[in-house]
6 protein chains.
Amino acid sequence: MIYITRKEHFNAAHKLYNTNWSEEKNLAVFGPCANANWHGHNFDLYVTVKGKPDPETGFVMNYKDLSKLVRDSIIERVDHKNLNLDVDFLQGKLPSCETLIYEFWQLLAPVIPRVAPNCQLHALKLFETHNNYAEYFGE
Amino acid sequence: MIYITRKEHFNAAHKLYNTNWSEEKNLAVFGPCANANWHGHNFDLYVTVKGKPDPETGFVMNYKDLSKLVRDSIIERVDHKNLNLDVDFLQGKLPSCETLIYEFWQLLAPVIPRVAPNCQLHALKLFETHNNYAEYFGE
Amino acid sequence: MIYITRKEHFNAAHKLYNTNWSEEKNLAVFGPCANANWHGHNFDLYVTVKGKPDPETGFVMNYKDLSKLVRDSIIERVDHKNLNLDVDFLQGKLPSCETLIYEFWQLLAPVIPRVAPNCQLHALKLFETHNNYAEYFGE
Amino acid sequence: MIYITRKEHFNAAHKLYNTNWSEEKNLAVFGPCANANWHGHNFDLYVTVKGKPDPETGFVMNYKDLSKLVRDSIIERVDHKNLNLDVDFLQGKLPSCETLIYEFWQLLAPVIPRVAPNCQLHALKLFETHNNYAEYFGE
Amino acid sequence: MIYITRKEHFNAAHKLYNTNWSEEKNLAVFGPCANANWHGHNFDLYVTVKGKPDPETGFVMNYKDLSKLVRDSIIERVDHKNLNLDVDFLQGKLPSCETLIYEFWQLLAPVIPRVAPNCQLHALKLFETHNNYAEYFGE
Amino acid sequence: MIYITRKEHFNAAHKLYNTNWSEEKNLAVFGPCANANWHGHNFDLYVTVKGKPDPETGFVMNYKDLSKLVRDSIIERVDHKNLNLDVDFLQGKLPSCETLIYEFWQLLAPVIPRVAPNCQLHALKLFETHNNYAEYFGE
C-alpha cells in the first residue's frame with residue numbers, strides 16, 4: 001500500500017459568525033474572524049490517496065487524474081468564492097477549517113474509487129494560514 | 001548602508017471591480033477576482049529599511065520597533081478586513097496588489113525616520129499568493 | 001474525529017554533552033554539537049490536537065486558545081533561553097530534539113483537556129533545522 | 001517510541017514509458033512525462049526512523065549517522081543519474097515516485113537496525129515536485 | 001514605477017558537457033553534472049515586470065496575462081524537455097542556469113511591451129535547486 | 001552581467017549585550033536577546049556574485065567553487081559556535097545580523113576575485129529567523 005498526495009490551492013473569503021448568537025458573543029469567540037464584511041485566505045489542500053501501484057504504469061493513481069478530480073469536485077466550487085454565501089454544499093454551516101475539510105471529504109471520497117477502482121481517499125489536510133491546518137481521515 | 005527586512009502578515013477579503021464598468025467587462029478583465037461576494041488572501045508583507053548600524057546596538061533599527069511600527073501603521077488597519085469596504089485609506093480605490101503597496105508606502109515612509117532618525121524606508125514587497133507579488137521603492 | 005495543528009516558534013541555545021563522558025568521547029559522538037560555548041537553533045513546533053468539532057463554533061478547539069496554551073506552557077519557558085542552563089524542566093537532561101519533544105508532551109498533554117474538555121493532544125513535531133525533526137505521539 | 005526524520009536531496013532525470021505499449025498509448029497515459037529524451041526533478045526524500053531514545057545520548061539515532069546511511073544506501077546511487085538507465089536496482093522498472101519509494105525501502109529497511117539496533121525504518125516520503133509526493137510505510 | 005513578479009515552474013533534463021573537451025576535463029569541471037545520461041531539475045522562474053499601474057485596473061500588468069505570456073514564450077518550450085536536445089533556441093549552448101536565463105530574456109523582453117505597452121521586463125530569476133539561482137537584468 | 005546566488009547555512013548561539021550598559025538598559029533595548037546564557041538561531045546566508053558567464057562553461061562562477069569558498073571563509077568559522085565568544089573576527093563586537101553581514105563581507109569580498117578573476121561579490125543576505133533578514137551590498 002503506497003500513499004500519494006497532491007497539493008491544490010484556492011483563494012476564498014469567509015467569516016466565522018454564529019447567527020444564533022449576539023454580535024458581542026461572536027466577537028468574543030471568533031475575534032476578528034467574525035468581521036461583518038469578511039476576510040479571506042489562500043488555502044492549500046493536500047489530498048492523499050492510498051492503493052497499490054499498477055505494474056503497467058507504476059502509479060497508485062495518475063497525479064494528473066487526481067488533480068483533475070480534486071479541481072472538478074472541490075476547487076472549482078470554492079476558488080475565488082465567498083464560503084458563507086456562494087457555495088451550495090456549505091449553506092448554513094460555519095466555514096471553519098474543520099467544517100471545510102469534513103465537507104470536502106464527503107464530496108471527494110465517493111468519486112476516487114469511481115475513477116481509480118483500487119484506490120481510496122486516505123487523508124485531507126487543509127492549510128488556512130502558514131500556522132494553522134486541519135486534517136481528516138474519514139472517521 | 002545596510003538593509004534590514006521584517007516580514008509581517010495579514011489576512012483580508014477583497015474584489016477587483018471597476019464600478020465604472022459593466023459586469024461583463026469586469027468579468028472579462030478581472031475574471032473570478034471580480035466575484036461579487038469577494039474572495040481573499042493571506043498577504044505577506046516584507047518591509048525593508050536602510051541605514052547605518054548604530055555602534056551601541058549593532059542595529060540599523062531594532063526589528064521589534066520596526067515590527068511594531070508596521071503593525072500599528074498598516075497591519076491593524078487591514079488584517080481580517082474587507083479591503084474594499086473597511087479600510088479608510090483605500091476608499092474608492094481598486095485594491096490590487098499594486099494599489100496596496102503604493103498606499104502602504106504613503107503611510108509608512110514618513111513614520112520610519114520619526115522613530116529611527118537615520119533610517120529610510122527602502123522597499124515594500126507584498127505577496128498576494130505563492131506565485132504573485134508586487135514591489136515598490138518609492139519612486 | 002478531526003485533527004488540528006498549530007505551529008509555534010522559539011529560538012534557543014543548547015549543547016549536546018554527556019557530563020559522564022570525557023571531552024573526547026563527547027566530540028566523537030556529538031561532533032560540533034558538543035561545542036563548550038553552545039550553539040543554537042530556530043525551533044518550529046507543530047502541535048496537533050484531535051477532537052470532534054463543536055457544532056456551535058465549527059472548531060475542534062479555537063486556534064487562538066491552542067496557541068495561547070502552547071505559548072504559556074512551553075514557548076515562554078524556552079524562547080530565547082539556554083536549554084541546558086535556563087529551563088527548570090530540562091535540568092540534568094540532554095536537550096536533544098527527542099528529549100525536548102518528550103518533555104513538552106508531559107507539560108502539554110494534561111492541560112489540553114482542561115481547556116478543551118473533548119480534545120486530546122495527538123502529536124508534537126519539532127523541527128531543529130530545515131533537515132531534522134522529531135515527532136512524538138504519547139506512547 | 002519517538003520518530004525522527006532526516007531530509008535528503010537528489011537531482012535526477014527520468015521518463016515514464018512502458019516499453020510494451022505504443023508511442024501513442026504512452027503519450028496518452030503519461031503525457032509529457034513520456035518525452036523520449038527525458039525530463040528531470042529535484043527530489044526531496046524524508047526518512048523517518050522510530051525507536052526509544054538512548055539515555056546516554058538523548059538520540060533515537062544520531063541524525064548524522066542516519067544522513068550518512070541514506071546517502072550511502074540511496075542518494076549516491078541516484079543523484080545526478082538517469083533513473084531509467086544508470087541505476088542497477090531500477091533496471092526494467094517504471095521509475096514513478098511510487099516505484100522509487102518502494103525500491104528505496106528495500107535498500108534502507110534492512111540496514112537501519114544494523115547501524116542502530118533498536119531502531120526501525122518507519123516511513124519514506126518522496127517529493128517529486130512541490131505539488132506531488134508519495135509515502136510508504138513498509139506494508 | 002511598481003514592479004510585479006510572477007512565478008512559473010518547469011521540469012527538465014540537462015547535462016553540462018563541453019563537447020570540445022575530453023571526458024576527463026568535463027568530469028573535472030562539471031562533476032556529476034556531466035553525467036552522460038543526463039540529470040534534471042524542478043526549475044522555478046520568477047519574472048519581474050515594471051510599469052505604472054493603470055488607474056482603471058490597478059494593474060501594472062494583469063498577472064494572468066503575464067503568466068500566459070511566460071508560459072507561451074518559455075515554459076511550453078522547456079517543460080518536460082531535455083534542454084540539450086529538445087529546445088531549438090538552446091541548440092549548441094551549454095544549458096547552465098546562466099545560459100538559460102540569458103536566453104529566456106531574449107525571448108521574453110521583446111514581447112512584454114507588445115502585450116503591455118507601458119511595461120518592461122525588469123528581471124528574471126531562475127532557481128535550479130533550493131540552494132542555487134541566477135538573475136539577469138538585461139545588461 | 002549575470003548574478004548567481006548560493007545559499008549556505010549555519011547554526012550558532014549569541015546574545016545581544018552592550019557591556020558598557022547596565023543590565024537594565026540591556027534588557028530594555030534588547031529584550032530577551034540579552035539573555036545572559038545566550039540563545040541561538042539557524043542562519044541562512046545567501047551569497048550573490050556577479051560576472052560574465054565564461055563561454056566554455058556557461059558559468060559566472062562554478063556553484064561548487066562558490067560554495068566551497070563560502071564554507072572555508074565563513075561557515076567553518078561560525079557554524080556550531082558562540083558568536084560572542086568563539087569567533088576571532090567578531091571579538092568585541094555586538095553580533096547583530098547587521099554586524100555579521102558586514103564582517104562576512106570583509107572576509108569574502110577579497111577572495112572571490114582571487115578564485116574567479118572576473119567576478120565580484122555583489123550582495124550578502126542573512127536570515128536570522130523566518131521573519132528577519134539583513135542585506136549588504138558593500139557600500
# chains A, B, ... in the order shown; residues from 1 in each chain; ligands from 1
>>> closest_atom_pairs(of="chain A", to="chain D", cutoff="8 Å", atoms="only C-alpha atoms", output="CSV")
residue,atom,partner,partner_atom,distance
A:Met1,CA,D:Glu139,CA,6.0
A:Ile2,CA,D:Tyr136,CA,5.2
A:Tyr3,CA,D:Glu135,CA,5.0
A:Ile4,CA,D:Ala134,CA,4.2
A:Thr5,CA,D:Tyr133,CA,5.3
A:Arg6,CA,D:Asn132,CA,4.9
A:Lys7,CA,D:Asn131,CA,4.8
A:Glu8,CA,D:Asn131,CA,7.4
A:Pro53,CA,D:Glu98,CA,6.9
A:Glu56,CA,D:Asn18,CA,6.9
A:Thr57,CA,D:Leu94,CA,6.9
A:Gly58,CA,D:Ser96,CA,5.6
A:Phe59,CA,D:Glu98,CA,6.4
A:Val60,CA,D:Glu98,CA,7.2
A:Tyr63,CA,D:Asn132,CA,7.3
>>> select_by_dssp(residues="chain E", states="strand (DSSP E)", output="PyMOL selection string")
chain E and resi 2-14+39-51+81-82+120-127+132-136
>>> write_last_selection(atoms="C-alpha atoms", output="PDB file, in the first residue's frame")
ATOM      1  CA  ILE E   2       5.879  49.442  -9.458  1.00  0.00           C
ATOM      2  CA  TYR E   3       7.414  46.011 -10.006  1.00  0.00           C
ATOM      3  CA  ILE E   4       5.280  42.873 -10.231  1.00  0.00           C
ATOM      4  CA  THR E   5       6.579  39.336 -10.208  1.00  0.00           C
ATOM      5  CA  ARG E   6       5.027  36.101 -11.381  1.00  0.00           C
ATOM      6  CA  LYS E   7       6.471  32.673 -10.537  1.00  0.00           C
ATOM      7  CA  GLU E   8       6.266  29.882 -13.099  1.00  0.00           C
ATOM      8  CA  HIS E   9       7.628  26.364 -12.985  1.00  0.00           C
ATOM      9  CA  PHE E  10       9.081  23.718 -15.295  1.00  0.00           C
ATOM     10  CA  ASN E  11      10.809  20.342 -15.024  1.00  0.00           C
ATOM     11  CA  ALA E  12      13.597  19.425 -17.394  1.00  0.00           C
ATOM     12  CA  ALA E  13      16.636  17.228 -18.002  1.00  0.00           C
ATOM     13  CA  HIS E  14      20.044  18.550 -18.968  1.00  0.00           C
ATOM     14  CA  HIS E  39      20.109  14.529 -14.776  1.00  0.00           C
ATOM     15  CA  GLY E  40      17.325  17.048 -14.149  1.00  0.00           C
ATOM     16  CA  HIS E  41      15.694  19.692 -12.016  1.00  0.00           C
ATOM     17  CA  ASN E  42      12.467  21.375 -10.966  1.00  0.00           C
ATOM     18  CA  PHE E  43      13.106  24.926 -12.130  1.00  0.00           C
ATOM     19  CA  ASP E  44      11.287  27.920 -10.597  1.00  0.00           C
ATOM     20  CA  LEU E  45      11.288  31.024 -12.783  1.00  0.00           C
ATOM     21  CA  TYR E  46      10.428  34.452 -11.329  1.00  0.00           C
ATOM     22  CA  VAL E  47       9.571  37.094 -13.950  1.00  0.00           C
ATOM     23  CA  THR E  48       9.564  40.756 -12.858  1.00  0.00           C
ATOM     24  CA  VAL E  49       7.934  43.457 -14.960  1.00  0.00           C
ATOM     25  CA  LYS E  50       7.965  47.171 -14.164  1.00  0.00           C
ATOM     26  CA  GLY E  51       5.477  49.875 -15.102  1.00  0.00           C
ATOM     27  CA  LYS E  81      12.116  18.569 -22.168  1.00  0.00           C
ATOM     28  CA  ASN E  82      15.795  17.788 -22.498  1.00  0.00           C
ATOM     29  CA  GLN E 120       9.212  46.466 -19.480  1.00  0.00           C
ATOM     30  CA  LEU E 121      10.825  43.251 -18.400  1.00  0.00           C
ATOM     31  CA  HIS E 122      12.931  44.153 -15.363  1.00  0.00           C
ATOM     32  CA  ALA E 123      14.409  40.898 -14.024  1.00  0.00           C
ATOM     33  CA  LEU E 124      14.467  37.133 -14.399  1.00  0.00           C
ATOM     34  CA  LYS E 125      15.415  34.859 -11.509  1.00  0.00           C
ATOM     35  CA  LEU E 126      15.814  31.131 -12.049  1.00  0.00           C
ATOM     36  CA  PHE E 127      16.137  28.581  -9.239  1.00  0.00           C
ATOM     37  CA  ASN E 132      21.317  27.867  -6.382  1.00  0.00           C
ATOM     38  CA  TYR E 133      19.779  30.563  -8.531  1.00  0.00           C
ATOM     39  CA  ALA E 134      20.759  33.053 -11.235  1.00  0.00           C
ATOM     40  CA  GLU E 135      19.387  36.528 -12.010  1.00  0.00           C
ATOM     41  CA  TYR E 136      19.563  38.740 -15.077  1.00  0.00           C
TER      42      TYR E 136
END
>>> select_by_dssp(residues="segment 28-99 of chain C", states="alpha helix (DSSP H)", output="PyMOL selection string")
chain C and resi 28-30+63-70+76-78+97-99
>>> atom_distance(atom1="atom CA of Asn37 of chain A", atom2="atom CA of Asp88 of chain A")
19.9 Å
>>> atom_distance(atom1="atom CA of Gln91 of chain A", atom2="atom CA of Ile112 of chain A")
24.2 Å
>>> residues_around(residues="Asp72 of chain E", least_positions_apart="4", cutoff="12 Å", atoms="only C-alpha atoms", output="PyMOL selection string")
chain E and resi 8+65-68+76-79+104+107-108+111-112
>>> atom_distance(atom1="atom CA of Pro32 of chain F", atom2="atom CA of Asp86 of chain F")
21.2 Å
>>> decode(residues="segment 39-52 of chain A", atoms="all heavy atoms", output="mmCIF file, in the first residue's frame")
data_model
loop_
_atom_site.group_PDB
_atom_site.id
_atom_site.type_symbol
_atom_site.label_atom_id
_atom_site.label_comp_id
_atom_site.auth_asym_id
_atom_site.auth_seq_id
_atom_site.Cartn_x
_atom_site.Cartn_y
_atom_site.Cartn_z
ATOM 1 N N HIS A 39 -13.246 38.299 5.702
ATOM 2 C CA HIS A 39 -11.806 38.353 5.455
ATOM 3 C C HIS A 39 -11.516 37.144 4.556
ATOM 4 O O HIS A 39 -12.458 36.528 4.054
ATOM 5 C CB HIS A 39 -11.013 38.309 6.780
ATOM 6 C CG HIS A 39 -11.135 37.028 7.518
ATOM 7 N ND1 HIS A 39 -12.264 36.701 8.231
ATOM 8 C CD2 HIS A 39 -10.304 35.967 7.650
ATOM 9 C CE1 HIS A 39 -12.108 35.509 8.768
ATOM 10 N NE2 HIS A 39 -10.931 35.038 8.423
ATOM 11 N N GLY A 40 -10.264 36.800 4.333
ATOM 12 C CA GLY A 40 -10.035 35.691 3.407
ATOM 13 C C GLY A 40 -8.676 35.056 3.563
ATOM 14 O O GLY A 40 -7.857 35.508 4.374
ATOM 15 N N HIS A 41 -8.457 34.002 2.807
ATOM 16 C CA HIS A 41 -7.224 33.215 2.922
ATOM 17 C C HIS A 41 -6.814 32.641 1.567
ATOM 18 O O HIS A 41 -7.644 32.455 0.678
ATOM 19 C CB HIS A 41 -7.427 32.028 3.878
ATOM 20 C CG HIS A 41 -7.754 32.404 5.285
ATOM 21 N ND1 HIS A 41 -6.838 32.971 6.123
ATOM 22 C CD2 HIS A 41 -8.895 32.297 6.009
ATOM 23 C CE1 HIS A 41 -7.392 33.201 7.311
ATOM 24 N NE2 HIS A 41 -8.648 32.803 7.267
ATOM 25 N N ASN A 42 -5.531 32.320 1.464
ATOM 26 C CA ASN A 42 -5.019 31.382 0.466
ATOM 27 C C ASN A 42 -5.027 30.004 1.119
ATOM 28 O O ASN A 42 -4.283 29.783 2.075
ATOM 29 C CB ASN A 42 -3.576 31.718 0.077
ATOM 30 C CG ASN A 42 -3.428 33.114 -0.490
ATOM 31 O OD1 ASN A 42 -4.338 33.655 -1.086
ATOM 32 N ND2 ASN A 42 -2.249 33.707 -0.296
ATOM 33 N N PHE A 43 -5.865 29.121 0.647
ATOM 34 C CA PHE A 43 -5.946 27.784 1.213
ATOM 35 C C PHE A 43 -5.111 26.808 0.385
ATOM 36 O O PHE A 43 -5.187 26.809 -0.842
ATOM 37 C CB PHE A 43 -7.401 27.292 1.204
ATOM 38 C CG PHE A 43 -8.327 27.983 2.155
ATOM 39 C CD1 PHE A 43 -9.080 29.084 1.764
ATOM 40 C CD2 PHE A 43 -8.466 27.534 3.462
ATOM 41 C CE1 PHE A 43 -9.950 29.724 2.640
ATOM 42 C CE2 PHE A 43 -9.338 28.157 4.351
ATOM 43 C CZ PHE A 43 -10.082 29.261 3.938
ATOM 44 N N ASP A 44 -4.327 25.984 1.082
ATOM 45 C CA ASP A 44 -3.616 24.872 0.429
ATOM 46 C C ASP A 44 -4.250 23.562 0.874
ATOM 47 O O ASP A 44 -4.324 23.293 2.084
ATOM 48 C CB ASP A 44 -2.133 24.865 0.831
ATOM 49 C CG ASP A 44 -1.321 25.895 0.082
ATOM 50 O OD1 ASP A 44 -1.611 26.151 -1.092
ATOM 51 O OD2 ASP A 44 -0.373 26.434 0.676
ATOM 52 N N LEU A 45 -4.678 22.768 -0.095
ATOM 53 C CA LEU A 45 -5.343 21.494 0.202
ATOM 54 C C LEU A 45 -4.462 20.333 -0.270
ATOM 55 O O LEU A 45 -4.118 20.262 -1.447
ATOM 56 C CB LEU A 45 -6.698 21.443 -0.511
ATOM 57 C CG LEU A 45 -7.483 20.141 -0.381
ATOM 58 C CD1 LEU A 45 -7.899 19.878 1.068
ATOM 59 C CD2 LEU A 45 -8.722 20.173 -1.279
ATOM 60 N N TYR A 46 -4.104 19.443 0.660
ATOM 61 C CA TYR A 46 -3.324 18.241 0.345
ATOM 62 C C TYR A 46 -4.261 17.039 0.374
ATOM 63 O O TYR A 46 -4.887 16.772 1.408
ATOM 64 C CB TYR A 46 -2.215 18.039 1.386
ATOM 65 C CG TYR A 46 -1.120 19.066 1.324
ATOM 66 C CD1 TYR A 46 -1.295 20.336 1.870
ATOM 67 C CD2 TYR A 46 0.100 18.776 0.718
ATOM 68 C CE1 TYR A 46 -0.288 21.279 1.809
ATOM 69 C CE2 TYR A 46 1.114 19.732 0.656
ATOM 70 C CZ TYR A 46 0.912 20.976 1.201
ATOM 71 O OH TYR A 46 1.914 21.922 1.138
ATOM 72 N N VAL A 47 -4.327 16.314 -0.738
ATOM 73 C CA VAL A 47 -5.222 15.166 -0.876
ATOM 74 C C VAL A 47 -4.382 13.898 -0.970
ATOM 75 O O VAL A 47 -3.569 13.764 -1.889
ATOM 76 C CB VAL A 47 -6.093 15.315 -2.135
ATOM 77 C CG1 VAL A 47 -6.994 14.098 -2.312
ATOM 78 C CG2 VAL A 47 -6.913 16.599 -2.066
ATOM 79 N N THR A 48 -4.592 12.973 -0.020
ATOM 80 C CA THR A 48 -3.812 11.735 -0.005
ATOM 81 C C THR A 48 -4.703 10.545 -0.336
ATOM 82 O O THR A 48 -5.741 10.341 0.297
ATOM 83 C CB THR A 48 -3.168 11.525 1.378
ATOM 84 O OG1 THR A 48 -2.366 12.654 1.681
ATOM 85 C CG2 THR A 48 -2.318 10.262 1.403
ATOM 86 N N VAL A 49 -4.257 9.760 -1.311
ATOM 87 C CA VAL A 49 -4.970 8.575 -1.788
ATOM 88 C C VAL A 49 -4.067 7.384 -1.551
ATOM 89 O O VAL A 49 -2.851 7.481 -1.727
ATOM 90 C CB VAL A 49 -5.299 8.741 -3.287
ATOM 91 C CG1 VAL A 49 -5.706 7.429 -3.916
ATOM 92 C CG2 VAL A 49 -6.382 9.799 -3.472
ATOM 93 N N LYS A 50 -4.640 6.259 -1.133
ATOM 94 C CA LYS A 50 -3.818 5.053 -0.959
ATOM 95 C C LYS A 50 -4.268 3.943 -1.900
ATOM 96 O O LYS A 50 -5.449 3.855 -2.260
ATOM 97 C CB LYS A 50 -3.856 4.581 0.494
ATOM 98 C CG LYS A 50 -5.177 4.048 0.984
ATOM 99 C CD LYS A 50 -5.059 3.632 2.456
ATOM 100 C CE LYS A 50 -6.447 3.361 3.020
ATOM 101 N NZ LYS A 50 -6.417 3.107 4.465
ATOM 102 N N GLY A 51 -3.308 3.096 -2.290
ATOM 103 C CA GLY A 51 -3.617 1.985 -3.173
ATOM 104 C C GLY A 51 -2.340 1.264 -3.537
ATOM 105 O O GLY A 51 -1.251 1.626 -3.090
ATOM 106 N N LYS A 52 -2.489 0.227 -4.351
ATOM 107 C CA LYS A 52 -1.311 -0.490 -4.843
ATOM 108 C C LYS A 52 -0.940 0.049 -6.204
ATOM 109 O O LYS A 52 -1.818 0.218 -7.059
ATOM 110 C CB LYS A 52 -1.638 -1.985 -4.982
ATOM 111 C CG LYS A 52 -1.659 -2.705 -3.657
ATOM 112 C CD LYS A 52 -1.543 -4.202 -3.876
ATOM 113 C CE LYS A 52 -1.491 -4.893 -2.525
ATOM 114 N NZ LYS A 52 -1.703 -6.330 -2.641
#
